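Visitor: File name query.pdb; file contents PDB, C-alpha atoms; full text below.
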```
ATOM      1  CA  MET A   1     -15.700   1.192  58.742
ATOM      2  CA  PRO A   2     -15.989  -0.836  61.924
ATOM      3  CA  MET A   3     -15.758   0.345  65.501
ATOM      4  CA  ILE A   4     -14.135  -1.920  68.070
ATOM      5  CA  ASP A   5     -14.529  -1.716  71.848
ATOM      6  CA  VAL A   6     -12.388  -3.852  74.146
ATOM      7  CA  TYR A   7     -13.362  -3.998  77.811
ATOM      8  CA  ALA A   8     -10.814  -5.614  80.118
ATOM      9  CA  PRO A   9      -9.320  -5.377  83.597
ATOM     10  CA  ALA A  10      -6.886  -2.437  83.682
ATOM     11  CA  ASP A  11      -3.855  -4.619  84.354
ATOM     12  CA  LEU A  12      -4.546  -7.277  81.713
ATOM     13  CA  PHE A  13      -2.496  -5.613  78.957
ATOM     14  CA  PRO A  14       0.909  -3.913  79.222
ATOM     15  CA  ALA A  15       0.677  -0.126  79.591
ATOM     16  CA  ASP A  16       2.281   0.526  76.191
ATOM     17  CA  ALA A  17       0.187  -2.017  74.275
ATOM     18  CA  ASP A  18      -2.863   0.085  73.350
ATOM     19  CA  SER A  19      -1.593   1.479  70.044
ATOM     20  CA  PRO A  20      -0.205  -1.739  68.499
ATOM     21  CA  PHE A  21      -3.058  -3.740  69.994
ATOM     22  CA  GLY A  22      -5.675  -1.420  68.475
ATOM     23  CA  ASP A  23      -3.844  -1.373  65.146
ATOM     24  CA  GLU A  24      -3.849  -5.169  64.919
ATOM     25  CA  LEU A  25      -7.527  -5.378  65.824
ATOM     26  CA  THR A  26      -8.599  -2.773  63.258
ATOM     27  CA  HIS A  27      -6.650  -4.464  60.474
ATOM     28  CA  ALA A  28      -8.051  -7.864  61.466
ATOM     29  CA  VAL A  29     -11.620  -6.565  61.195
ATOM     30  CA  LEU A  30     -10.930  -4.987  57.807
ATOM     31  CA  ARG A  31      -9.490  -8.305  56.558
ATOM     32  CA  ALA A  32     -12.598 -10.114  57.809
ATOM     33  CA  GLU A  33     -14.730  -7.615  55.883
ATOM     34  CA  GLY A  34     -12.754  -8.516  52.746
ATOM     35  CA  VAL A  35     -10.701  -5.307  52.566
ATOM     36  CA  ALA A  36      -7.360  -6.683  51.366
ATOM     37  CA  THR A  37      -5.652  -3.328  50.882
ATOM     38  CA  PRO A  38      -7.255  -0.692  53.090
ATOM     39  CA  GLY A  39      -6.975   2.881  51.834
ATOM     40  CA  PRO A  40      -7.321   6.170  53.685
ATOM     41  CA  LEU A  41     -11.135   5.923  53.752
ATOM     42  CA  HIS A  42     -10.975   2.635  55.669
ATOM     43  CA  LEU A  43      -8.015   3.513  57.873
ATOM     44  CA  ASP A  44      -9.334   6.943  58.858
ATOM     45  CA  ASN A  45     -12.762   5.582  59.762
ATOM     46  CA  THR A  46     -11.950   2.358  61.616
ATOM     47  CA  ALA A  47     -11.250   2.728  65.310
ATOM     48  CA  ALA A  48     -10.469   0.665  68.377
ATOM     49  CA  PHE A  49     -11.333   1.872  71.861
ATOM     50  CA  ILE A  50      -9.471   0.090  74.661
ATOM     51  CA  HIS A  51     -11.429   0.386  77.914
ATOM     52  CA  ARG A  52      -9.229  -0.479  80.900
ATOM     53  CA  LEU A  53     -11.561  -1.018  83.836
ATOM     54  CA  PRO A  54     -10.908  -1.494  87.549
ATOM     55  CA  GLY A  55     -10.979  -5.192  88.425
ATOM     56  CA  THR A  56     -14.096  -4.679  90.504
ATOM     57  CA  ALA A  57     -15.958  -3.261  87.486
ATOM     58  CA  ILE A  58     -16.079  -6.638  85.746
ATOM     59  CA  SER A  59     -18.007  -9.494  87.298
ATOM     60  CA  THR A  60     -19.761 -12.698  86.393
ATOM     61  CA  ALA A  61     -22.562 -14.403  88.278
ATOM     62  CA  SER A  62     -19.940 -16.376  90.225
ATOM     63  CA  VAL A  63     -16.914 -14.030  90.494
ATOM     64  CA  ALA A  64     -16.928 -10.461  91.799
ATOM     65  CA  SER A  65     -13.674  -9.483  90.026
ATOM     66  CA  ALA A  66     -13.724 -11.572  86.863
ATOM     67  CA  ARG A  67     -10.672 -11.808  84.596
ATOM     68  CA  VAL A  68     -12.656 -11.714  81.348
ATOM     69  CA  VAL A  69     -12.403  -9.685  78.165
ATOM     70  CA  ARG A  70     -15.321  -8.400  76.109
ATOM     71  CA  VAL A  71     -14.697  -7.340  72.522
ATOM     72  CA  GLN A  72     -17.596  -5.706  70.709
ATOM     73  CA  ILE A  73     -17.223  -5.076  66.999
ATOM     74  CA  VAL A  74     -19.845  -2.903  65.313
ATOM     75  CA  THR A  75     -19.901  -3.025  61.527
ATOM     76  CA  PRO A  76     -22.016  -1.363  58.847
ATOM     77  CA  PRO A  77     -24.921  -3.384  57.451
ATOM     78  CA  GLY A  78     -23.807  -6.462  55.487
ATOM     79  CA  ALA A  79     -20.074  -5.921  56.083
ATOM     80  CA  LEU A  80     -19.340  -9.419  57.429
ATOM     81  CA  ASN A  81     -20.409 -12.673  55.830
ATOM     82  CA  ARG A  82     -20.377 -15.918  57.873
ATOM     83  CA  ASP A  83     -16.745 -16.703  57.023
ATOM     84  CA  GLY A  84     -15.774 -13.165  58.011
ATOM     85  CA  GLN A  85     -17.590 -13.570  61.330
ATOM     86  CA  LYS A  86     -15.697 -16.761  62.110
ATOM     87  CA  GLN A  87     -12.420 -15.195  61.004
ATOM     88  CA  ILE A  88     -12.693 -12.077  63.169
ATOM     89  CA  VAL A  89     -13.789 -13.977  66.273
ATOM     90  CA  ARG A  90     -10.746 -16.243  65.899
ATOM     91  CA  GLU A  91      -8.306 -13.410  65.097
ATOM     92  CA  ALA A  92      -9.586 -11.053  67.808
ATOM     93  CA  THR A  93      -9.227 -13.825  70.391
ATOM     94  CA  GLU A  94      -5.677 -14.548  69.183
ATOM     95  CA  ILE A  95      -4.757 -10.842  69.356
ATOM     96  CA  ILE A  96      -6.163 -10.566  72.889
ATOM     97  CA  ALA A  97      -4.083 -13.598  73.929
ATOM     98  CA  LYS A  98      -0.943 -12.161  72.313
ATOM     99  CA  TYR A  99      -1.100  -8.934  74.340
ATOM    100  CA  SER A 100      -2.578 -10.300  77.555
ATOM    101  CA  THR A 101      -0.577 -10.853  80.722
ATOM    102  CA  ASP A 102      -3.113 -13.404  81.944
ATOM    103  CA  ASP A 103      -5.264 -16.324  80.811
ATOM    104  CA  THR A 104      -7.680 -15.135  78.129
ATOM    105  CA  SER A 105      -9.775 -18.263  77.765
ATOM    106  CA  ARG A 106     -12.748 -16.117  78.773
ATOM    107  CA  THR A 107     -12.619 -13.724  75.830
ATOM    108  CA  TRP A 108     -16.078 -12.884  74.542
ATOM    109  CA  VAL A 109     -16.385 -11.439  71.053
ATOM    110  CA  ILE A 110     -19.726  -9.845  70.230
ATOM    111  CA  LEU A 111     -20.471  -8.934  66.629
ATOM    112  CA  THR A 112     -23.049  -6.210  66.123
ATOM    113  CA  GLU A 113     -24.313  -5.003  62.774
ATOM    114  CA  ALA A 114     -25.620  -1.458  62.666
ATOM    115  CA  ALA A 115     -29.144  -1.111  61.371
ATOM    116  CA  GLU A 116     -29.564   0.062  57.777
ATOM    117  CA  GLY A 117     -29.049   3.810  57.951
ATOM    118  CA  GLY A 118     -27.882   3.506  61.567
ATOM    119  CA  TRP A 119     -24.225   4.340  61.008
ATOM    120  CA  GLY A 120     -23.505   8.040  61.290
ATOM    121  CA  ILE A 121     -20.464   9.880  59.964
ATOM    122  CA  ALA A 122     -20.177  13.674  59.881
ATOM    123  CA  GLY A 123     -23.891  14.143  60.505
ATOM    124  CA  THR A 124     -25.054  11.717  57.794
ATOM    125  CA  ALA A 125     -26.865   8.445  58.524
ATOM    126  CA  PHE A 126     -25.158   5.911  56.284
ATOM    127  CA  GLY A 127     -26.625   2.718  54.885
ATOM    128  CA  GLN A 128     -25.420   0.405  52.130
ATOM    129  CA  GLU A 129     -26.262   2.910  49.383
ATOM    130  CA  GLU A 130     -24.364   5.761  51.042
ATOM    131  CA  PHE A 131     -21.365   3.554  51.830
ATOM    132  CA  ALA A 132     -21.236   2.368  48.210
ATOM    133  CA  ALA A 133     -21.303   5.962  46.956
ATOM    134  CA  LEU A 134     -18.607   6.958  49.458
ATOM    135  CA  ALA A 135     -16.363   4.073  48.450
ATOM    136  CA  ALA A 136     -16.822   4.877  44.767
ATOM    137  CA  SER A 137     -15.826   8.527  45.187
TER     138      SER A 137
END
```
Will you turn the file into structure tokens for me?
Guide:
Amino acid sequence: MPMIDVYAPADLFPADADSPFGDELTHAVLRAEGVATPGPLHLDNTAAFIHRLPGTAISTASVASARVVRVQIVTPPGALNRDGQKQIVREATEIIAKYSTDDTSRTWVILTEAAEGGWGIAGTAFGQEEFAALAAS
């Protein structure tokens, strides 16, 4: 049940792209986690947040208004193996390029794994044991 945050200049993606863009990203992360056929549990609890920022809100050490994209993907503990990490970095970058109106060679993908028990849903702190029980039910 990953969470995806995309931070980009406001004009980098077409105005109507958020829904299909988010859908492609969420399915790409689920594939990287090894979920071949996601069910309601996965689909209802995987989300993409598209953060369109003013150009001046993104900078690098050398450029005040940088045309870069930052994708942060937070997954439950142990959800991605090394092959899955490589897969989602590649696919997320390809999806960004597909929807972008500009050069996306500066797309940064950051993979973050929640700490054991550090993933909360409906007031419960989930870890591997709780996720396994949830998936089995």
Visitor: Take the PyMOL selection byres ((chain A and resi 75-81) around 7), apply it to the structure above, and return the hits as a ChimeraX atom specification.
Guide: /A:1-3,32-33,73-74,82-85,112-116,119,127-128
Visitor: Give me, as CSV, each residue of stretch 44-72 of chain A that comes within 12 Å of stretch 10-18 of chain A, together with its shortest interatomic pair and the distance in Å at one decimal, counting only C-alpha atoms, with rows ordered by chain and rising residue number.
Guide:
```
residue,atom,partner,partner_atom,distance
A:Ala47,CA,A:Asp18,CA,11.9
A:Ala48,CA,A:Asp18,CA,9.1
A:Phe49,CA,A:Asp18,CA,8.8
A:Ile50,CA,A:Asp18,CA,6.7
A:His51,CA,A:Ala10,CA,7.9
A:Arg52,CA,A:Ala10,CA,4.1
A:Leu53,CA,A:Ala10,CA,4.9
A:Pro54,CA,A:Ala10,CA,5.7
A:Gly55,CA,A:Ala10,CA,6.8
A:Thr56,CA,A:Ala10,CA,10.2
A:Ala57,CA,A:Ala10,CA,9.9
A:Ile58,CA,A:Ala10,CA,10.3
A:Ser65,CA,A:Ala10,CA,11.7
A:Ala66,CA,A:Leu12,CA,11.4
A:Arg67,CA,A:Leu12,CA,8.1
A:Val68,CA,A:Leu12,CA,9.3
A:Val69,CA,A:Leu12,CA,9.0
```
Visitor: For each of A:Arg106, A:Ala135, A:Lys86, A:Ile96, take the minimum atom-to-atom distance to A:Val35, counting all atoms listed in the file, then give the residue where this is smallest.
Guide: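 Between A:Arg106, A:Ala135, A:Lys86, A:Ile96, the residue approaching A:Val35 most closely is A:Ala135.
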Visitor: Here is a test: counting all atoms listed in the file, which residue of A:Glu130, A:Ser59, A:Val71, A:Ile95 is nearest to A:Thr107?
Guide: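 Looking at the shortest contact to A:Thr107, the residue is A:Val71.
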Visitor: What does the distance from atom CA of A:Ser137 to atom CA of A:Leu25 come to in Å, to one decimal?
Guide: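 The value is 26.2 Å.
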Visitor: For each of A:Thr26, A:Asp44, A:Tyr99, A:Phe131, take the minimum atom-to-atom distance to A:Gly118, counting only C-alpha atoms, then give the residue where this is smallest.
Guide: A:Phe131
Visitor: Could you tell me how far atom CA of A:Gln72 lies from atom CA of A:Leu111, in Å and to one decimal?
Guide: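 Spanning atom CA of A:Gln72 to atom CA of A:Leu111 is a straight-line distance of 5.9 Å.
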Visitor: What is the atom CA of A:Pro38-atom CA of A:Glu24 distance in Å, reported with one decimal?
Guide: 13.1 Å
Visitor: In file coordinates, which residues lie within 12 Å of (-12.2, 10.7, 55.4) using only C-alpha atoms, given as a list of chain:residue names?
Guide: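 Answer for this query, in the requested form: A:Met1, A:Gly39, A:Pro40, A:Leu41, A:His42, A:Leu43, A:Asp44, A:Asn45, A:Thr46, A:Ile121, A:Ala122, A:Leu134, A:Ala135, A:Ser137.
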Visitor: Can you work out which one of A:Ala64, A:Val6, A:Ile88, A:Ala125 has the shortest atom-to-atom distance to A:Gly34, counting all atoms listed in the file?
Guide: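 For A:Gly34, the nearest of the given residues is A:Ile88.
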Visitor: So, counting all atoms listed in the file, which residue among A:Asp102, A:Val63, A:His27, A:Thr37 is closest to A:Ala8?
Guide: A:Asp102
Visitor: Go through A:Ala36, A:Ile4, A:Val109, A:Ala133 and flag the residue nearest A:Thr93, using all atoms listed in the file for the distances.
Guide: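 Using all atoms listed in the file, A:Thr93 sits closest to A:Val109.
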Visitor: Taking all atoms of stretch 78-85 of chain A that appear in the file, build a box with edges along x, y and z, extend it by 6 Å on every side, and state its centre and edge lengths in Å to one decimal, as AutoDock Vina command-line options.
Guide:
```
--center_x -19.8 --center_y -11.3 --center_z 58.4 --size_x 20.0 --size_y 22.8 --size_z 17.8
```
Visitor: Identify the residues around (-5.7, -11.5, 62.5) within a radius of 7 Å, measuring from only C-alpha atoms in the coordinates stated by the file, and give them as JSON, numbers by chain.
Guide: {"A": [28, 91, 92, 95]}
